[in-house]
Each structure stands twice: as C-alpha cells, then as structure tokens.
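S.K.: Here you go, upload.tsv (TSV, C-alpha atoms and all ligand atoms):
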chain	number	residue	atom	x	y	z
A	1	GLU	CA	-2.02	28.69	28.62
A	2	GLY	CA	-1.00	27.97	25.08
A	3	LEU	CA	-2.51	26.06	22.19
A	4	HIS	CA	-1.03	22.65	23.01
A	5	SER	CA	-2.07	22.84	26.65
A	6	LEU	CA	-5.59	23.73	25.60
A	7	MET	CA	-5.78	20.79	23.21
A	8	VAL	CA	-4.54	18.40	25.87
A	9	ALA	CA	-7.04	19.79	28.37
A	10	ALA	CA	-9.74	19.10	25.76
A	11	GLY	CA	-8.67	15.46	25.55
A	12	LYS	CA	-6.58	15.67	22.38
A	13	LEU	CA	-2.98	14.57	21.93
A	14	TYR	CA	-1.43	17.72	20.54
A	15	PHE	CA	-1.30	21.07	18.85
A	16	GLY	CA	1.67	21.19	16.50
A	17	THR	CA	3.42	23.10	13.76
A	18	ALA	CA	5.64	22.58	10.75
A	19	MET	CA	9.22	23.64	11.47
A	20	ASP	CA	12.59	23.05	9.86
A	21	THR	CA	16.27	23.90	10.10
A	22	LYS	CA	15.60	27.16	8.24
A	23	ASN	CA	13.90	28.34	11.46
A	24	PHE	CA	16.75	27.48	13.82
A	25	ASN	CA	18.55	30.82	13.81
A	26	ASP	CA	15.45	32.90	14.50
A	27	THR	CA	15.42	33.47	18.25
A	28	ALA	CA	11.91	34.95	18.34
A	29	TYR	CA	10.62	31.89	16.47
A	30	GLN	CA	12.48	29.49	18.74
A	31	ALA	CA	11.20	31.17	21.90
A	32	ILE	CA	7.66	30.39	20.77
A	33	SER	CA	8.21	26.98	19.20
A	34	THR	CA	10.07	25.56	22.19
A	35	ASN	CA	7.27	26.55	24.57
A	36	GLN	CA	5.75	23.19	25.47
A	37	ASN	CA	2.43	24.80	26.30
A	38	GLU	CA	2.21	26.19	22.80
A	39	PHE	CA	3.38	23.21	20.70
A	40	GLY	CA	3.60	19.52	21.50
A	41	MET	CA	4.22	18.16	18.00
A	42	PHE	CA	6.43	19.13	15.07
A	43	THR	CA	6.47	18.14	11.42
A	44	PRO	CA	9.72	18.72	9.49
A	45	GLU	CA	8.47	20.95	6.68
A	46	ASN	CA	10.87	19.63	4.01
A	47	SER	CA	13.82	17.72	5.45
A	48	GLN	CA	12.30	14.23	5.55
A	49	LYS	CA	11.09	14.27	1.95
A	50	TRP	CA	12.54	11.87	-0.61
A	51	ASP	CA	14.71	14.48	-2.38
A	52	ALA	CA	16.27	15.39	0.97
A	53	THR	CA	16.71	11.91	2.46
A	54	GLU	CA	17.74	9.91	-0.64
A	55	PRO	CA	18.96	12.37	-3.27
A	56	GLN	CA	20.81	9.62	-5.14
A	57	GLN	CA	19.74	6.02	-5.24
A	58	GLY	CA	20.92	4.24	-2.13
A	59	GLN	CA	22.65	7.34	-0.67
A	60	PHE	CA	20.78	8.45	2.39
A	61	SER	CA	21.19	11.81	4.07
A	62	PHE	CA	19.58	12.56	7.40
A	63	THR	CA	21.56	15.55	8.66
A	64	GLN	CA	18.81	18.16	8.37
A	65	ALA	CA	15.96	15.99	9.60
A	66	ASP	CA	18.10	14.64	12.44
A	67	ALA	CA	18.71	18.20	13.61
A	68	VAL	CA	14.96	18.80	13.74
A	69	ALA	CA	14.33	15.48	15.48
A	70	MET	CA	17.03	16.15	18.05
A	71	LYS	CA	15.78	19.63	18.88
A	72	VAL	CA	12.24	18.41	19.31
A	73	LYS	CA	13.25	15.42	21.41
A	74	SER	CA	15.58	17.38	23.69
A	75	ASN	CA	12.70	19.74	24.36
A	76	GLY	CA	10.31	16.92	25.28
A	77	GLN	CA	8.13	17.42	22.22
A	78	LEU	CA	7.00	14.88	19.60
A	79	LEU	CA	7.53	14.41	15.88
A	80	ARG	CA	5.04	13.74	13.08
A	81	CYS	CA	7.10	12.46	10.18
A	82	HIS	CA	6.54	13.58	6.59
A	83	THR	CA	6.55	12.01	3.96
A	84	LEU	CA	7.46	8.79	2.09
A	85	THR	CA	5.63	8.01	-1.16
A	86	TRP	CA	4.79	11.35	-2.83
A	87	HIS	CA	4.91	12.44	-6.46
A	88	SER	CA	6.47	15.81	-5.55
A	89	GLN	CA	9.95	16.66	-4.25
A	90	LEU	CA	11.20	13.39	-5.73
A	91	PRO	CA	14.86	13.07	-6.66
A	92	SER	CA	15.32	12.81	-10.41
A	93	PHE	CA	16.54	9.22	-10.21
A	94	VAL	CA	12.98	8.27	-9.20
A	95	SER	CA	10.95	10.66	-11.33
A	96	THR	CA	12.91	10.16	-14.56
A	97	GLY	CA	13.97	6.54	-14.10
A	98	THR	CA	12.78	3.74	-16.35
A	99	TRP	CA	11.09	1.27	-14.09
A	100	THR	CA	9.49	-2.12	-14.13
A	101	ARG	CA	7.12	-3.36	-11.46
A	102	GLU	CA	9.97	-5.21	-9.80
A	103	THR	CA	12.56	-2.43	-9.86
A	104	LEU	CA	10.23	0.33	-8.65
A	105	THR	CA	8.89	-1.95	-5.91
A	106	ALA	CA	12.49	-2.46	-4.78
A	107	VAL	CA	13.17	1.30	-4.84
A	108	ILE	CA	10.06	2.14	-2.77
A	109	THR	CA	10.84	-0.68	-0.35
A	110	ALA	CA	14.44	0.42	0.13
A	111	HIS	CA	13.46	4.06	0.61
A	112	ILE	CA	10.72	3.48	3.15
A	113	THR	CA	12.67	0.83	5.03
A	114	ASN	CA	15.81	2.95	5.34
A	115	VAL	CA	14.11	6.20	6.31
A	116	MET	CA	11.64	4.66	8.74
A	117	THR	CA	14.29	2.47	10.33
A	118	HIS	CA	16.47	5.54	10.86
A	119	TYR	CA	13.61	7.28	12.70
A	120	ALA	CA	12.19	4.15	14.33
A	121	ALA	CA	10.35	4.89	17.57
A	122	GLN	CA	10.84	8.65	17.06
A	123	CYS	CA	7.74	9.35	14.99
A	124	TYR	CA	4.27	9.52	16.49
A	125	ALA	CA	3.05	9.08	12.92
A	126	TRP	CA	4.31	8.90	9.34
A	127	ASP	CA	2.56	10.33	6.31
A	128	VAL	CA	3.25	7.17	4.32
A	129	VAL	CA	1.45	8.15	1.13
A	130	ASN	CA	0.86	11.81	0.33
A	131	GLU	CA	-1.49	13.42	-2.21
A	132	ALA	CA	-2.31	10.37	-4.34
A	133	LEU	CA	-5.64	11.80	-5.51
A	134	ASN	CA	-6.98	14.19	-8.13
A	135	GLU	CA	-9.77	16.59	-7.16
A	136	ASN	CA	-12.39	14.27	-8.71
A	137	GLY	CA	-11.27	11.36	-6.54
A	138	THR	CA	-9.36	9.45	-9.23
A	139	PHE	CA	-5.71	8.52	-8.74
A	140	ARG	CA	-3.18	11.22	-9.56
A	141	SER	CA	-0.69	10.50	-12.34
A	142	SER	CA	2.79	9.74	-11.09
A	143	VAL	CA	5.70	7.44	-11.73
A	144	PHE	CA	4.23	5.26	-9.01
A	145	LEU	CA	0.77	5.00	-10.56
A	146	SER	CA	2.01	4.48	-14.12
A	147	THR	CA	4.34	1.66	-13.09
A	148	LEU	CA	2.44	-0.11	-10.33
A	149	GLY	CA	-1.14	1.10	-10.56
A	150	PRO	CA	-2.87	1.72	-7.22
A	151	ASP	CA	-0.92	-1.23	-5.75
A	152	TYR	CA	1.85	1.20	-4.78
A	153	ILE	CA	-0.39	2.43	-1.98
A	154	PRO	CA	-0.88	-0.85	-0.05
A	155	LEU	CA	2.74	-1.69	-0.91
A	156	SER	CA	3.95	1.49	0.80
A	157	PHE	CA	1.84	0.86	3.90
A	158	SER	CA	2.96	-2.76	4.08
A	159	VAL	CA	6.66	-1.83	3.95
A	160	ALA	CA	6.05	0.95	6.49
A	161	ALA	CA	4.30	-1.37	8.93
A	162	ALA	CA	7.29	-3.70	8.90
A	163	ALA	CA	9.87	-0.91	9.21
A	164	ASP	CA	8.46	0.76	12.34
A	165	PRO	CA	5.55	-1.05	13.96
A	166	ARG	CA	5.13	1.75	16.53
A	167	ALA	CA	4.47	4.61	14.12
A	168	LYS	CA	0.89	5.43	13.17
A	169	LEU	CA	0.62	5.10	9.42
A	170	TYR	CA	-1.31	7.86	7.64
A	171	TYR	CA	-2.69	8.66	4.22
A	172	ASN	CA	-2.41	12.48	3.89
A	173	ASP	CA	-4.03	14.84	1.35
A	174	PHE	CA	-5.46	18.33	0.81
A	175	ASN	CA	-8.98	19.48	-0.09
A	176	LEU	CA	-10.56	16.43	1.53
A	177	GLU	CA	-12.22	19.06	3.76
A	178	THR	CA	-13.83	20.91	0.88
A	179	THR	CA	-14.24	18.45	-2.00
A	180	PRO	CA	-16.56	15.48	-1.40
A	181	ALA	CA	-15.41	13.59	-4.51
A	182	LYS	CA	-11.84	13.74	-3.26
A	183	ALA	CA	-12.94	12.59	0.20
A	184	ASP	CA	-14.67	9.67	-1.57
A	185	GLY	CA	-11.31	8.84	-3.13
A	186	ALA	CA	-9.62	8.89	0.26
A	187	VAL	CA	-12.31	6.61	1.69
A	188	ALA	CA	-11.56	4.25	-1.19
A	189	ILE	CA	-7.83	4.38	-0.37
A	190	VAL	CA	-8.48	3.46	3.27
A	191	LYS	CA	-10.63	0.56	2.09
A	192	LEU	CA	-8.04	-0.48	-0.50
A	193	VAL	CA	-5.32	-0.74	2.15
A	194	GLN	CA	-7.59	-2.39	4.71
A	195	GLY	CA	-8.87	-4.79	2.04
A	196	ALA	CA	-5.30	-5.83	1.28
A	197	GLY	CA	-4.95	-6.81	4.93
A	198	VAL	CA	-2.41	-4.05	5.51
A	199	LYS	CA	-2.21	-1.64	8.45
A	200	ILE	CA	-3.43	1.95	8.03
A	201	ASP	CA	-4.00	3.98	11.18
A	202	GLY	CA	-5.00	7.42	10.09
A	203	VAL	CA	-6.03	9.98	7.50
A	204	GLY	CA	-4.40	13.39	7.56
A	205	PHE	CA	-6.42	16.39	6.45
A	206	GLN	CA	-3.89	18.95	5.30
A	207	ALA	CA	-6.49	21.73	5.52
A	208	HIS	CA	-4.90	24.39	3.33
A	209	LEU	CA	-8.07	26.47	3.54
A	210	ASN	CA	-9.25	29.83	2.21
A	211	VAL	CA	-10.72	32.67	4.25
A	212	GLY	CA	-14.47	32.83	3.69
A	213	GLN	CA	-14.53	29.52	1.81
A	214	THR	CA	-14.08	27.18	4.75
A	215	PRO	CA	-16.86	24.67	5.47
A	216	SER	CA	-18.68	25.06	8.78
A	217	ARG	CA	-17.48	23.33	11.93
A	218	ALA	CA	-20.36	20.83	11.61
A	219	GLN	CA	-19.62	20.09	7.95
A	220	LEU	CA	-15.94	19.59	8.73
A	221	ALA	CA	-16.79	17.29	11.65
A	222	ALA	CA	-19.09	15.26	9.42
A	223	THR	CA	-16.29	14.77	6.89
A	224	LEU	CA	-13.85	13.70	9.62
A	225	GLY	CA	-16.52	11.29	10.84
A	226	ARG	CA	-16.64	9.53	7.46
A	227	PHE	CA	-13.10	8.33	8.21
A	228	THR	CA	-13.35	7.55	11.90
A	229	ALA	CA	-16.32	5.34	10.92
A	230	LEU	CA	-13.80	3.23	8.97
A	231	GLY	CA	-11.80	2.63	12.14
A	232	VAL	CA	-8.94	5.06	11.47
A	233	GLU	CA	-7.98	8.18	13.40
A	234	VAL	CA	-7.87	11.61	11.78
A	235	ALA	CA	-5.87	14.80	12.28
A	236	TYR	CA	-5.42	18.20	10.71
A	237	THR	CA	-1.84	17.97	9.50
A	238	GLU	CA	-1.02	21.22	7.65
A	239	LEU	CA	-3.66	23.75	8.67
A	240	ASP	CA	-3.48	27.29	7.36
A	241	VAL	CA	-6.18	29.67	6.10
A	242	LYS	CA	-5.02	32.05	3.41
A	243	HIS	CA	-6.59	35.32	2.43
A	244	PRO	CA	-7.43	35.18	-1.29
A	245	LYS	CA	-6.42	38.81	-1.67
A	246	LEU	CA	-4.26	41.28	0.20
A	247	PRO	CA	-4.25	43.63	1.99
A	248	THR	CA	-6.85	42.39	4.45
A	249	SER	CA	-9.57	44.27	6.29
A	250	GLU	CA	-10.54	43.80	9.92
A	251	ALA	CA	-13.58	41.86	8.67
A	252	ASP	CA	-11.29	39.55	6.68
A	253	ARG	CA	-9.21	38.90	9.77
A	254	GLU	CA	-12.32	38.12	11.83
A	255	GLN	CA	-13.47	35.74	9.10
A	256	GLN	CA	-10.09	34.05	9.21
A	257	ALA	CA	-10.52	33.66	12.97
A	258	ALA	CA	-13.92	32.03	12.43
A	259	ASP	CA	-12.44	29.67	9.83
A	260	TYR	CA	-9.59	28.60	12.14
A	261	VAL	CA	-12.11	27.99	14.92
A	262	ALA	CA	-14.27	25.90	12.57
A	263	ALA	CA	-11.32	23.65	11.77
A	264	VAL	CA	-9.93	23.30	15.29
A	265	GLY	CA	-13.45	23.02	16.72
A	266	SER	CA	-14.33	20.21	14.32
A	267	CYS	CA	-11.37	18.23	15.63
A	268	LEU	CA	-12.59	18.81	19.18
A	269	ASP	CA	-16.02	17.58	18.14
A	270	VAL	CA	-14.83	14.25	16.70
A	271	GLU	CA	-13.55	11.68	19.14
A	272	GLY	CA	-11.14	10.07	16.69
A	273	CYS	CA	-9.47	13.36	15.78
A	274	VAL	CA	-6.17	13.31	17.64
A	275	GLY	CA	-4.73	16.76	17.03
A	276	VAL	CA	-4.04	19.78	14.87
A	277	THR	CA	-0.80	20.83	13.17
A	278	VAL	CA	-0.44	24.24	11.52
A	279	TRP	CA	1.85	24.59	8.49
A	280	GLN	CA	4.00	27.23	10.21
A	281	PHE	CA	2.54	29.52	12.87
A	282	THR	CA	3.96	32.79	11.52
A	283	ASP	CA	3.48	34.45	8.13
A	284	ARG	CA	7.24	35.00	8.12
A	285	TYR	CA	7.77	31.39	6.97
A	286	SER	CA	4.52	30.47	5.26
A	287	TRP	CA	4.80	28.61	1.94
A	288	VAL	CA	1.64	30.32	0.65
A	289	PRO	CA	2.81	33.60	-0.97
A	290	GLY	CA	5.59	31.80	-2.84
A	291	THR	CA	3.13	29.39	-4.41
A	292	PHE	CA	0.07	31.65	-4.73
A	293	PRO	CA	1.37	35.18	-5.28
A	294	GLY	CA	-1.00	37.90	-4.14
A	295	THR	CA	-2.54	35.70	-1.45
A	296	GLY	CA	-1.34	34.88	2.04
A	297	GLU	CA	-1.26	35.98	5.67
A	298	ALA	CA	-2.46	32.44	6.29
A	299	CYS	CA	-0.94	31.82	9.73
A	300	LEU	CA	-1.95	32.45	13.35
A	301	MET	CA	0.73	35.11	13.86
A	302	THR	CA	1.98	37.96	11.69
A	303	GLU	CA	5.50	38.10	10.25
A	304	ASP	CA	6.47	39.95	13.44
A	305	TYR	CA	4.97	37.37	15.75
A	306	VAL	CA	1.93	39.40	16.73
A	307	LYS	CA	-1.01	37.13	17.58
A	308	LYS	CA	-3.85	37.62	15.10
A	309	PRO	CA	-7.57	37.44	15.90
A	310	ALA	CA	-7.31	33.85	14.63
A	311	TYR	CA	-4.83	32.99	17.37
A	312	GLU	CA	-6.93	34.68	20.05
A	313	ALA	CA	-10.05	32.94	18.78
A	314	VAL	CA	-8.51	29.48	18.80
A	315	GLU	CA	-6.99	30.10	22.21
A	316	GLY	CA	-10.28	31.42	23.56
A	317	TRP	CA	-12.34	28.66	21.91
A	318	ARG	CA	-14.60	31.52	20.89
A	319	GLU	CA	-17.85	30.12	19.52
A	320	GLN	CA	-18.18	31.85	16.18
A	321	GLN	CA	-20.47	29.57	14.21
B	1	LIG	O1	16.40	23.93	-0.60
B	1	LIG	C1	16.31	24.77	-1.75
B	1	LIG	C2	17.38	25.83	-1.69
B	1	LIG	O2	18.63	25.22	-1.74
B	1	LIG	C3	17.18	26.79	-2.87
B	1	LIG	O3	18.10	27.83	-2.79
B	1	LIG	C4	15.77	27.38	-2.87
B	1	LIG	C5	15.50	28.26	-4.07
B	1	LIG	O4	14.20	28.11	-4.55
B	1	LIG	O5	14.85	26.30	-2.90
B	1	LIG	C6	14.96	25.44	-1.77
B	1	LIG	O6	13.98	24.44	-1.89
B	1	LIG	C7	12.67	24.86	-1.58
B	1	LIG	C8	12.13	23.98	-0.45
B	1	LIG	O7	10.78	24.28	-0.20
B	1	LIG	C9	12.93	24.15	0.84
B	1	LIG	O8	12.79	25.47	1.31
B	1	LIG	C10	11.79	24.67	-2.82
B	1	LIG	O9	12.19	25.58	-3.82
B	1	LIG	C11	10.34	24.89	-2.48
B	1	LIG	O10	9.54	24.53	-3.59
B	1	LIG	C12	9.96	24.02	-1.31
B	1	LIG	O11	8.61	24.28	-1.00
B	1	LIG	C13	7.98	23.39	-0.11
B	1	LIG	C14	6.87	22.63	-0.83
B	1	LIG	O12	6.21	21.78	0.10
B	1	LIG	C15	7.41	21.79	-1.97
B	1	LIG	O13	6.42	21.00	-2.53
B	1	LIG	C16	7.41	24.18	1.03
B	1	LIG	O14	8.47	24.77	1.80
B	1	LIG	C17	6.56	23.29	1.94
B	1	LIG	O15	5.86	24.09	2.86
B	1	LIG	C18	5.55	22.52	1.10
B	1	LIG	O16	4.82	21.68	1.94
B	1	LIG	C19	3.79	20.91	1.32
B	1	LIG	C20	3.68	19.60	2.07
B	1	LIG	O17	4.93	18.95	2.11
B	1	LIG	C21	2.63	18.70	1.45
B	1	LIG	N1	1.34	19.37	1.34
B	1	LIG	C22	1.39	20.69	0.70
B	1	LIG	C23	2.41	21.61	1.36
B	1	LIG	C24	2.43	22.99	0.73
B	1	LIG	O18	2.82	22.94	-0.60
Spit out the file's structure as structure tokens when you get a sec.

M.R.:
Amino acid sequence: EGLHSLMVAAGKLYFGTAMDTKNFNDTAYQAISTNQNEFGMFTPENSQKWDATEPQQGQFSFTQADAVAMKVKSNGQLLRCHTLTWHSQLPSFVSTGTWTRETLTAVITAHITNVMTHYAAQCYAWDVVNEALNENGTFRSSVFLSTLGPDYIPLSFSVAAAADPRAKLYYNDFNLETTPAKADGAVAIVKLVQGAGVKIDGVGFQAHLNVGQTPSRAQLAATLGRFTALGVEVAYTELDVKHPKLPTSEADREQQAADYVAAVGSCLDVEGCVGVTVWQFTDRYSWVPGTFPGTGEACLMTEDYVKKPAYEAVEGWREQQ
C-alpha cells in the first residue's frame, strides 16, 4: 500500500515528493512523508538552489539542504537533487555581475563542483540545467546565455560529470508535456550535449499541469518516448495539476484525478521512465496559489491531508482514459 510501493511493484524506481525544512515541524506532514511505502524519493524544494548554497561568491552554505538530506537518508529514502545552472533564484553576484567567458565559466565550474562534491554519492540524480528554454523552443535569455551562448549547457554537464560520476545528470523543464516546440528544444539540448561528447542521462518533465488541459496518457507517453529514443531516461520531476479556478466542483476533482492518472500512467507505459515526483503532496505547501492567485488545489491531498479523488485514482490505477 502506498504510492511508492505501487510504483516499485510496477517496475519503476520511485514515487517521490518535494519537501524542505519548512515542512519539518509539521507532524501530520512528517507522518506521511516518512512512510517508505508512500514516498521513496525526495527533492529539496528550495534549499539546494544557487541562492541558498552559494549566496556570496565562494561562500557555500549547506545547512538547510544537509538537514533534508540527513532526514531522507536516515529514513532509508533517496534524494533527487535540484538544481545547478538556472536563471532563477540566483544570488545577485551572479545575476548582476559583469562577466567574460572566462570568469563566468570559472563561476559555474566552482559552483557545480563544490555543491556536487558536497553531495557526492547522495543524489540519485541532479537537475544540472533547469528551464533553459522559451515556449517556442529557443534558448531563454539569462546571464548564462548572454555571456556563453548555448555552450553553458554542455559546460555544466561536463563539470557535473566530473564532480559526481554516480549521479544521473538531467536537463529539467516545464511544459515539455504540452508544448511540442518546447519539446523540440529539449531534444536539441540532449543532442547538443551528446554531440559535445558529454554525459547526459535524463530529461525531467516538471509537469506543472492544468485540470482539463492535460494531454492524454497516450500523448504524454509519446512525448516521453521522443526522449527515451535518444538514449536518455525520463521522469516526472515536479508533478502537480492545478485547477484554473476555485472553488472546484466534484466534476473538476474527478477531472483532476483523470489528469493525474494520465501523467502517472504515461510513465508506467514508457520503459525508460524511472519515476514520478510530485511538487508537494498537500495543498498546504503548494507553490501554486502564491504564483498564480485564484488557482490551486493542485496536489494529491487537501490542506488537511485528506486524500482527494486524484490520490485514490493514482493509488487504484483507475483506468480513466
Ligand atoms: O526564504 C524566503 C524567506 O526568508 C522570506 O521571508 C519569504 C518571503 O517571501 O520568501 C522566502 O523565499 C521564498 C522561497 O520560495 C522559499 O520559501 C521565495 O519568496 C519564493 O519565491 C520561493 O518560491 C519557490 C520558487 O520555486 C522560486 O522560483 C517555490 O517555493 C518552489 O516551489 C519553486 O519551485 C520551482 C522549481 O524549483 C523549478 N520549477 C518550477 C517550480 C515552481 O515555480
């Protein structure tokens, strides 16, 4: 019983969730998250990001992320690590610095090397590069792109491969599930890294989806298959399915259940899909309402930890398509 156990029984590696130190003092949350049948994998929601781990150049701070890593390890669960080269949640020394090719290369190298070395052998995978694409598949503007061009992507993977050879190295992005031009861009990134002779092991589909606007299980599986055909594994790394408007009806909640089943089912249907991580399992801690006011209730459980139809549907593998 439990989502992780069901995934393992289906031949997958894990069912996981985002979690962070902000969740530590919530005993109801901890009772669920420490249940090894429910969750086998955790992603620190914020504490491994660049602004948290290297707030000033060369000054590394691992207290928060270490606390997450220790809790997970002591409970016999695994860690997906998140994230290294990302335009967002950057400390100002990076985002507002004046860089040359050489100096920014040195900064990226030092950051990735220090953080990955600190967590060496503790991360099943690292999201090495996060959200490098625009919706039309072109490269997103950032300090990295403007200084180094797309070379910052193979550079990041190359440094990562040297820093922790055991971690699976992922490119991670959102809307790859729904936006074919963006998926084309991600295919191009995989080929760019492979073409540079550099290791890339996986593509993470964040899957921040919308109720009633989620592709079918077969469409999702086909998109995952575009990447496994390139020789990389895939995973859903930040799954949630938000309601575009609140309050919700029973029909909305059933639709959400169908959408969750489409996503999880598509992972089951694709051999190279290794697992599913939800971006928090309870609405109590979801990032969604803060970023998209008026929307939400995106998680498998309510704020009060009541299992929604979506939870029951995923657990029951109810065929809804
Ligand atoms: O830590 C400060 C705290 O000191 C301060 O009092 C408080 C006041 O606003 O802010 C706190 O920082 C917040 C941080 O989360 C930690 O809780 C930031 O404001 C807030 O913007 C930040 O949001 C996170 C967001 O990434 C930032 O981009 C969300 O929790 C997190 O769920 C979200 O996760 C991202 C993934 O990393 C990448 N993919 C998209 C996903 C959703 O945006």

S.K.: I'd like the contact shell of Pro289 (chain A) - 10 Å cut-off, only C-alpha atoms, skipping same-chain residues fewer than 6 positions apart - returned as an NGL selection string.

M.R.: :A and (242 or 283 or 295-298)

S.K.: Quick one: residues within 9 Å of Val129 (chain A), all atoms listed in the file, excluding same-chain residues fewer than 4 positions away - as a ChimeraX atom specification?

M.R.: /A:83-86,153,156-157,169-173

S.K.: Could you please take those selected residues and save C-alpha atoms as a tab-separated table (two decimals), in the coordinates of the input?

M.R.:
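This went into part.tsv:
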chain	number	residue	atom	x	y	z
A	83	THR	CA	6.55	12.01	3.96
A	84	LEU	CA	7.46	8.79	2.09
A	85	THR	CA	5.63	8.01	-1.16
A	86	TRP	CA	4.79	11.35	-2.83
A	153	ILE	CA	-0.39	2.43	-1.98
A	156	SER	CA	3.95	1.49	0.80
A	157	PHE	CA	1.84	0.86	3.90
A	169	LEU	CA	0.62	5.10	9.42
A	170	TYR	CA	-1.31	7.86	7.64
A	171	TYR	CA	-2.69	8.66	4.22
A	172	ASN	CA	-2.41	12.48	3.89
A	173	ASP	CA	-4.03	14.84	1.35

S.K.: Go through the chains and note each residue within 9 Å of ligand LIG 1 (chain B), using only C-alpha atoms and all ligand atoms, then give the set as a ChimeraX atom specification.

M.R.: /A:18,20,22,44-47,49,52,82-83,86,88-89,130-131,172-174,206,208,237-238,279-280,285-288,290-291

S.K.: Take every atom of region 135-146 of chain A listed in the file, pad by 6 Å on each side, and give me the axis-aligned box centre and edge lengths in Å, one decimal, as AutoDock Vina command-line options.

M.R.:
--center_x -3.3 --center_y 10.5 --center_z -10.3 --size_x 30.1 --size_y 24.1 --size_z 19.6

S.K.: Contacts of region 222-229 of chain A at 9 Å or less, counting only C-alpha atoms, minus same-chain residues fewer than 4 places along, as a list in words?

M.R.: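 Counting only the stated atoms, we get Leu176, Glu177, Thr178, Pro180, Ala183, Ala186, Val187, Val190, Gly202, Val203, Phe205, Arg217, Ala218, Glu233, Val234, Ala235, Ser266, Cys267, Val270, Glu271, Gly272 and Cys273 of chain A.
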
S.K.: Hey, what's within 8 Å of Phe281 (chain A) if we count all atoms listed in the file and toss same-chain stuff fewer than 6 positions away? As a list in words, please?

M.R.: Thr17, Ala18, Cys299, Leu300 and Met301 of chain A

S.K.: Report as a VMD selection string all protein, DNA and RNA residues lying within 9 Å of region 243-258 of chain A, evaluated on only C-alpha atoms, omitting residues in the same chain fewer than 4 positions from it.

M.R.: chain A and resid 210 to 212 262 to 263 292 294 to 298 300 308 to 314 318 to 321

S.K.: Using all atoms listed in the file, give me every residue within 12 Å of (7.8, -3.1, -8.1) in file coordinates, as a list in words.

M.R.: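 Every residue inside that radius is included here: Thr98, Trp99, Thr100, Arg101, Glu102, Thr103, Leu104, Thr105, Ala106, Val107, Ile108, Thr109, Ala110, Val143, Phe144, Leu145, Ser146, Thr147, Leu148, Gly149, Pro150, Asp151, Tyr152, Ile153, Leu155 and Ser156 of chain A.
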
S.K.: May I ask which of the residues A:Val278, A:Ala121, A:Leu239, A:Leu268 is the closest one to Ser33 (chain A), counting all atoms listed in the file?

M.R.: A:Val278

S.K.: Calculate how many Å separate CA of Glu38 (chain A) from CA of Tyr14 (chain A), rounding to one decimal.

M.R.: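 Computing it gives 9.5 Å between the two atoms.
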
S.K.: Find, counting only C-alpha atoms, the residue in A:Lys191, A:Lys168, A:Arg140, A:Lys199 that gets nearest to Cys123 (chain A).

M.R.: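 Ranking A:Lys191, A:Lys168, A:Arg140, A:Lys199 by distance to Cys123 (chain A), first place goes to A:Lys168.
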
S.K.: Tell me, in Å to one decimal, how far CA of Phe15 (chain A) is from CA of Ala188 (chain A).

M.R.: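 Answer for the CA of Phe15 (chain A) to CA of Ala188 (chain A) separation: 28.1 Å.
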
S.K.: Taking only C-alpha atoms into account, which of A:Asn23, A:Ser158, A:Asn175, A:Ser92 comes nearest Val193 (chain A)?

M.R.: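 Residue with the minimum atom-to-atom distance to Val193 (chain A): A:Ser158.
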